[in-house]
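Data block below; observations after.
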Amino acid sequence: MNKREFLRISSAATAGLIVTPLMSSLLGCSSADAAGQVVFTLPALGYSFDALAPEIDAATMEIHHGKHHAGYVRKLNSALEDHALKGYKLEKLLADLGAEDVALRRNGGGHFNHSLFWKILAPGSGASERRSLSPLLLERVEKSFGSMSALEAELTAAGKSRFGSGWAWLCQDDKNPDELFVCSTANQDNPLMHKMVPRSGRPILGLDVWEHAYYLNYQNRRGDYLAACLRRVNWTIVSDLMA
Ligand code: MN
């Protein structure tokens, strides 16, 4: 969180308003340059390429972060030159863009989605983070799905049934933050894109089911890859990302 963001949240908190931290602040996927203009940069992974092995191999991580994600960031900044949405924080940009704005949809979505994906995976042994979801998240999961295993089954089904490339998501409903739901989107769309999805929400967990995310290690076995991802989820971070 930069200073301006902190001050905005603090002053609103003083005024008695409930303020949800912006996803882009939590994920480090927007940053302001000297002129106060929002520019987008590739966030550091925060762990080594082999830190998710054996579930996700080092070669996949290196290409995925250094080539695929870096490419989305580069093309996003390029698409924003002379664009009316230049200067917006990422979630505002995604909420406002229309279906016809293909470059922003692909690359703005790609930047947000991957920034979230790196965060919600626990590196190394990560044993405590993998198990520790907050009491509030557990309560909401049980209310919305019945149990953690029912949630994982829904996420797996959403990821497996996505035809072609896309994502499986756990989201918080926009209007009722107590309500969680699972959905899937195609390509680099995500549930922040109000105009493109049947139900919009705040994505707090995203699983990448593009072949580039798993093909080196899992080939056509998307279900095995999804099970491995679920073994790696950092539920502490997912809890922190809730509004
Ligand atoms: Mn990807």
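If you're wondering about the labels, chains in the structure tokens are A, B, ... by order shown, residues count from 1 in each chain, ligands from 1 in order shown.
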
Can you tell me which residues surround A:Gly28 at a distance of at most 12 Å, considering only C-alpha atoms, apart from same-chain residues fewer than 2 positions away, and format the answer as number ranges by chain? A: 1-2, 5, 21-26, 30-32, 38-46, 89-90, 111-112, 114-116, 118-119

Give the residue list for ligand 1 at 10 Å, counting only C-alpha atoms and all ligand atoms, as a PyMOL selection string, sorted by chain and then by residue number. chain A and resi 60-61+63-65+67-69+72+110-111+113-114+117+165-167+187-188+207-214

For A:Cys229, find every residue with an atom within 9 Å (counting only C-alpha atoms), except residues of its own chain fewer than 6 positions away, and show them as number ranges by chain. A: 55-56, 121, 207

Keeping N, CA and C atoms, export the residues of the selection given above as a compact mmCIF listing (two decimals), in the first residue's frame.
# COMPACT_ATOMS: atom_id res chain seq x y z
N GLU A 55 4.37 -29.65 -6.80
CA GLU A 55 3.04 -29.40 -7.36
C GLU A 55 3.13 -28.59 -8.66
N ILE A 56 3.99 -27.53 -8.66
CA ILE A 56 4.22 -26.76 -9.88
C ILE A 56 5.74 -26.68 -10.07
N LEU A 121 -0.75 -18.88 -3.62
CA LEU A 121 -0.06 -20.17 -3.51
C LEU A 121 1.02 -20.06 -2.42
N LEU A 207 -7.64 -19.87 -9.96
CA LEU A 207 -6.82 -20.98 -10.45
C LEU A 207 -6.73 -20.89 -11.97

Which residues come within 8 Å of A:Pro123, counting only C-alpha atoms, excluding same-chain residues fewer than 4 positions away, as a list in words? Tyr47, Ala51, Leu52 and Arg232 of chain A

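The set of residues in stretch 179-231 of chain A assigned to strand (DSSP E) by DSSP, using only backbone atoms of this structure, is A:Leu180, A:Phe181, A:Val182, A:Cys183, A:Ser184, A:Thr185, A:Ala186, A:Gly201, A:Arg202, A:Pro203, A:Ile204, A:Leu205, A:Gly206, A:Leu207, A:Asp208.
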
Dump all heavy atoms for the selected residues as an mmCIF file, in the first residue's frame?
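What ended up in selection-v1.cif:
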data_model
loop_
_atom_site.group_PDB
_atom_site.id
_atom_site.type_symbol
_atom_site.label_atom_id
_atom_site.label_comp_id
_atom_site.auth_asym_id
_atom_site.auth_seq_id
_atom_site.Cartn_x
_atom_site.Cartn_y
_atom_site.Cartn_z
ATOM 1 N N LEU A 180 -20.273 -16.203 -0.551
ATOM 2 C CA LEU A 180 -19.182 -16.564 -1.462
ATOM 3 C C LEU A 180 -19.761 -17.397 -2.603
ATOM 4 O O LEU A 180 -20.769 -18.081 -2.426
ATOM 5 C CB LEU A 180 -18.127 -17.386 -0.724
ATOM 6 C CG LEU A 180 -17.509 -16.775 0.535
ATOM 7 C CD1 LEU A 180 -16.517 -17.760 1.175
ATOM 8 C CD2 LEU A 180 -16.810 -15.456 0.224
ATOM 9 N N PHE A 181 -19.130 -17.313 -3.757
ATOM 10 C CA PHE A 181 -19.561 -18.192 -4.856
ATOM 11 C C PHE A 181 -18.371 -18.594 -5.711
ATOM 12 O O PHE A 181 -17.343 -17.920 -5.723
ATOM 13 C CB PHE A 181 -20.660 -17.519 -5.695
ATOM 14 C CG PHE A 181 -20.229 -16.287 -6.459
ATOM 15 C CD1 PHE A 181 -19.870 -16.368 -7.804
ATOM 16 C CD2 PHE A 181 -20.197 -15.027 -5.848
ATOM 17 C CE1 PHE A 181 -19.474 -15.238 -8.518
ATOM 18 C CE2 PHE A 181 -19.809 -13.891 -6.549
ATOM 19 C CZ PHE A 181 -19.449 -13.992 -7.891
ATOM 20 N N VAL A 182 -18.526 -19.696 -6.420
ATOM 21 C CA VAL A 182 -17.504 -20.194 -7.347
ATOM 22 C C VAL A 182 -17.993 -19.947 -8.761
ATOM 23 O O VAL A 182 -19.180 -20.103 -9.049
ATOM 24 C CB VAL A 182 -17.257 -21.712 -7.113
ATOM 25 C CG1 VAL A 182 -16.486 -22.331 -8.271
ATOM 26 C CG2 VAL A 182 -16.490 -21.918 -5.804
ATOM 27 N N CYS A 183 -17.098 -19.520 -9.632
ATOM 28 C CA CYS A 183 -17.454 -19.371 -11.037
ATOM 29 C C CYS A 183 -16.220 -19.616 -11.887
ATOM 30 O O CYS A 183 -15.127 -19.834 -11.366
ATOM 31 C CB CYS A 183 -18.050 -17.992 -11.318
ATOM 32 S SG CYS A 183 -16.866 -16.652 -11.100
ATOM 33 N N SER A 184 -16.422 -19.563 -13.189
ATOM 34 C CA SER A 184 -15.315 -19.747 -14.121
ATOM 35 C C SER A 184 -15.475 -18.725 -15.236
ATOM 36 O O SER A 184 -16.597 -18.347 -15.578
ATOM 37 C CB SER A 184 -15.386 -21.176 -14.653
ATOM 38 O OG SER A 184 -14.723 -21.260 -15.889
ATOM 39 N N THR A 185 -14.350 -18.242 -15.746
ATOM 40 C CA THR A 185 -14.410 -17.302 -16.872
ATOM 41 C C THR A 185 -13.473 -17.799 -17.967
ATOM 42 O O THR A 185 -12.530 -18.550 -17.707
ATOM 43 C CB THR A 185 -13.946 -15.892 -16.453
ATOM 44 O OG1 THR A 185 -12.640 -15.980 -15.872
ATOM 45 C CG2 THR A 185 -14.896 -15.243 -15.470
ATOM 46 N N ALA A 186 -13.737 -17.347 -19.195
ATOM 47 C CA ALA A 186 -12.896 -17.724 -20.335
ATOM 48 C C ALA A 186 -11.715 -16.770 -20.452
ATOM 49 O O ALA A 186 -11.771 -15.622 -19.996
ATOM 50 C CB ALA A 186 -13.717 -17.688 -21.623
ATOM 51 N N GLY A 201 -18.094 -10.087 -8.725
ATOM 52 C CA GLY A 201 -17.685 -10.231 -7.334
ATOM 53 C C GLY A 201 -16.221 -9.901 -7.171
ATOM 54 O O GLY A 201 -15.526 -9.575 -8.129
ATOM 55 N N ARG A 202 -15.787 -9.997 -5.910
ATOM 56 C CA ARG A 202 -14.382 -9.746 -5.579
ATOM 57 C C ARG A 202 -13.661 -11.096 -5.575
ATOM 58 O O ARG A 202 -13.917 -11.938 -4.701
ATOM 59 C CB ARG A 202 -14.332 -9.096 -4.199
ATOM 60 C CG ARG A 202 -12.934 -8.832 -3.630
ATOM 61 C CD ARG A 202 -13.103 -8.249 -2.229
ATOM 62 N NE ARG A 202 -11.845 -8.043 -1.533
ATOM 63 C CZ ARG A 202 -11.146 -6.896 -1.538
ATOM 64 N NH1 ARG A 202 -11.580 -5.865 -2.226
ATOM 65 N NH2 ARG A 202 -10.030 -6.780 -0.855
ATOM 66 N N PRO A 203 -12.783 -11.348 -6.543
ATOM 67 C CA PRO A 203 -12.097 -12.642 -6.586
ATOM 68 C C PRO A 203 -11.041 -12.734 -5.493
ATOM 69 O O PRO A 203 -10.168 -11.872 -5.399
ATOM 70 C CB PRO A 203 -11.453 -12.668 -7.974
ATOM 71 C CG PRO A 203 -11.367 -11.247 -8.401
ATOM 72 C CD PRO A 203 -12.388 -10.460 -7.641
ATOM 73 N N ILE A 204 -11.121 -13.755 -4.642
ATOM 74 C CA ILE A 204 -10.140 -13.900 -3.561
ATOM 75 C C ILE A 204 -9.258 -15.135 -3.764
ATOM 76 O O ILE A 204 -8.302 -15.336 -3.034
ATOM 77 C CB ILE A 204 -10.813 -13.923 -2.162
ATOM 78 C CG1 ILE A 204 -11.875 -15.019 -2.065
ATOM 79 C CG2 ILE A 204 -11.435 -12.564 -1.855
ATOM 80 C CD1 ILE A 204 -12.442 -15.189 -0.643
ATOM 81 N N LEU A 205 -9.603 -15.934 -4.764
ATOM 82 C CA LEU A 205 -8.765 -17.087 -5.124
ATOM 83 C C LEU A 205 -9.009 -17.349 -6.604
ATOM 84 O O LEU A 205 -10.162 -17.376 -7.050
ATOM 85 C CB LEU A 205 -9.184 -18.293 -4.281
ATOM 86 C CG LEU A 205 -8.377 -19.603 -4.359
ATOM 87 C CD1 LEU A 205 -8.727 -20.490 -3.174
ATOM 88 C CD2 LEU A 205 -8.646 -20.366 -5.627
ATOM 89 N N GLY A 206 -7.938 -17.505 -7.363
ATOM 90 C CA GLY A 206 -8.080 -17.798 -8.790
ATOM 91 C C GLY A 206 -7.144 -18.924 -9.181
ATOM 92 O O GLY A 206 -5.992 -18.946 -8.748
ATOM 93 N N LEU A 207 -7.645 -19.870 -9.964
ATOM 94 C CA LEU A 207 -6.816 -20.980 -10.450
ATOM 95 C C LEU A 207 -6.735 -20.894 -11.967
ATOM 96 O O LEU A 207 -7.760 -20.911 -12.665
ATOM 97 C CB LEU A 207 -7.415 -22.321 -10.003
ATOM 98 C CG LEU A 207 -7.528 -22.518 -8.479
ATOM 99 C CD1 LEU A 207 -8.225 -23.841 -8.168
ATOM 100 C CD2 LEU A 207 -6.167 -22.443 -7.787
ATOM 101 N N ASP A 208 -5.524 -20.803 -12.460
ATOM 102 C CA ASP A 208 -5.251 -20.640 -13.888
ATOM 103 C C ASP A 208 -5.379 -21.998 -14.564
ATOM 104 O O ASP A 208 -4.639 -22.925 -14.233
ATOM 105 C CB ASP A 208 -3.817 -20.097 -14.026
ATOM 106 C CG ASP A 208 -3.460 -19.676 -15.438
ATOM 107 O OD1 ASP A 208 -4.172 -20.054 -16.385
ATOM 108 O OD2 ASP A 208 -2.451 -18.968 -15.590
#

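Here atom CA of A:Val238 stands at a distance of 26.9 Å from atom CA of A:Leu216.
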
Mind checking DSSP for stretch 93-229 of chain A and telling me the helix (DSSP H, G or I) residues as number ranges by chain? A: 93-96, 102-119, 127-131, 135-145, 148-161, 211-213, 215-218, 222-229

I'd like the neighbourhood of A:Ala227 as a PyMOL selection string, where a residue qualifies if any of its atoms comes within 10 Å (using only C-alpha atoms), though same-chain residues fewer than 2 positions away should be ignored. chain A and resi 55+152-153+155-156+222-225+229-232

Residue selection dump (N, CA, C and O atoms) as an mmCIF file, in the first residue's frame:
data_model
loop_
_atom_site.group_PDB
_atom_site.id
_atom_site.type_symbol
_atom_site.label_atom_id
_atom_site.label_comp_id
_atom_site.auth_asym_id
_atom_site.auth_seq_id
_atom_site.Cartn_x
_atom_site.Cartn_y
_atom_site.Cartn_z
ATOM 1 N N GLU A 55 4.374 -29.655 -6.797
ATOM 2 C CA GLU A 55 3.037 -29.397 -7.363
ATOM 3 C C GLU A 55 3.129 -28.591 -8.657
ATOM 4 O O GLU A 55 2.429 -28.862 -9.630
ATOM 5 N N GLU A 152 -13.865 -27.095 -2.393
ATOM 6 C CA GLU A 152 -12.798 -27.582 -3.270
ATOM 7 C C GLU A 152 -13.365 -28.392 -4.434
ATOM 8 O O GLU A 152 -12.855 -28.310 -5.557
ATOM 9 N N ALA A 153 -14.416 -29.133 -4.177
ATOM 10 C CA ALA A 153 -15.052 -29.899 -5.260
ATOM 11 C C ALA A 153 -15.659 -28.947 -6.293
ATOM 12 O O ALA A 153 -15.570 -29.180 -7.505
ATOM 13 N N LEU A 155 -14.641 -25.848 -6.950
ATOM 14 C CA LEU A 155 -13.532 -25.213 -7.675
ATOM 15 C C LEU A 155 -12.957 -26.161 -8.728
ATOM 16 O O LEU A 155 -12.667 -25.761 -9.861
ATOM 17 N N THR A 156 -12.804 -27.420 -8.348
ATOM 18 C CA THR A 156 -12.272 -28.419 -9.275
ATOM 19 C C THR A 156 -13.211 -28.588 -10.468
ATOM 20 O O THR A 156 -12.765 -28.611 -11.627
ATOM 21 N N ARG A 222 -5.538 -32.053 -16.475
ATOM 22 C CA ARG A 222 -5.901 -30.814 -15.789
ATOM 23 C C ARG A 222 -6.417 -31.075 -14.373
ATOM 24 O O ARG A 222 -6.166 -30.293 -13.461
ATOM 25 N N GLY A 223 -7.120 -32.172 -14.202
ATOM 26 C CA GLY A 223 -7.652 -32.498 -12.871
ATOM 27 C C GLY A 223 -6.542 -32.720 -11.849
ATOM 28 O O GLY A 223 -6.654 -32.281 -10.694
ATOM 29 N N ASP A 224 -5.464 -33.395 -12.277
ATOM 30 C CA ASP A 224 -4.332 -33.625 -11.366
ATOM 31 C C ASP A 224 -3.669 -32.301 -10.991
ATOM 32 O O ASP A 224 -3.269 -32.083 -9.848
ATOM 33 N N TYR A 225 -3.548 -31.424 -11.987
ATOM 34 C CA TYR A 225 -2.964 -30.097 -11.735
ATOM 35 C C TYR A 225 -3.842 -29.300 -10.758
ATOM 36 O O TYR A 225 -3.333 -28.671 -9.823
ATOM 37 N N CYS A 229 -2.775 -27.757 -7.169
ATOM 38 C CA CYS A 229 -2.941 -26.341 -6.798
ATOM 39 C C CYS A 229 -3.673 -26.218 -5.472
ATOM 40 O O CYS A 229 -3.296 -25.416 -4.618
ATOM 41 N N LEU A 230 -4.728 -27.007 -5.311
ATOM 42 C CA LEU A 230 -5.514 -26.906 -4.076
ATOM 43 C C LEU A 230 -4.689 -27.326 -2.858
ATOM 44 O O LEU A 230 -4.889 -26.800 -1.769
ATOM 45 N N ARG A 231 -3.732 -28.225 -3.056
ATOM 46 C CA ARG A 231 -2.830 -28.587 -1.944
ATOM 47 C C ARG A 231 -1.882 -27.442 -1.601
ATOM 48 O O ARG A 231 -1.293 -27.415 -0.534
ATOM 49 N N ARG A 232 -1.716 -26.491 -2.518
ATOM 50 C CA ARG A 232 -0.778 -25.381 -2.356
ATOM 51 C C ARG A 232 -1.455 -24.072 -1.939
ATOM 52 O O ARG A 232 -0.793 -23.056 -1.769
#

Quick one: of A:Leu133, A:Ala53, A:Phe145, A:Leu97, who's nearest to A:Ile120, counting only C-alpha atoms?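 Of A:Leu133, A:Ala53, A:Phe145, A:Leu97, the one nearest A:Ile120 is A:Leu133, counting only C-alpha atoms.
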
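Here atom CA of A:Asn176 is placed at a distance of 18.6 Å from atom CA of A:Glu91.
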
Considering only C-alpha atoms, return as a PyMOL selection string whatever protein or nucleic-acid residues lie within 12 Å of A:Glu139, sequence-local ones (same chain, fewer than 3 positions apart) excluded. chain A and resi 133-136+142-148+178-180+239

Between atom CA of A:Leu104 and atom CA of A:Lys195, what is the distance, to one decimal in Å?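 According to the coordinates, atom CA of A:Leu104 and atom CA of A:Lys195 are separated by 13.5 Å.
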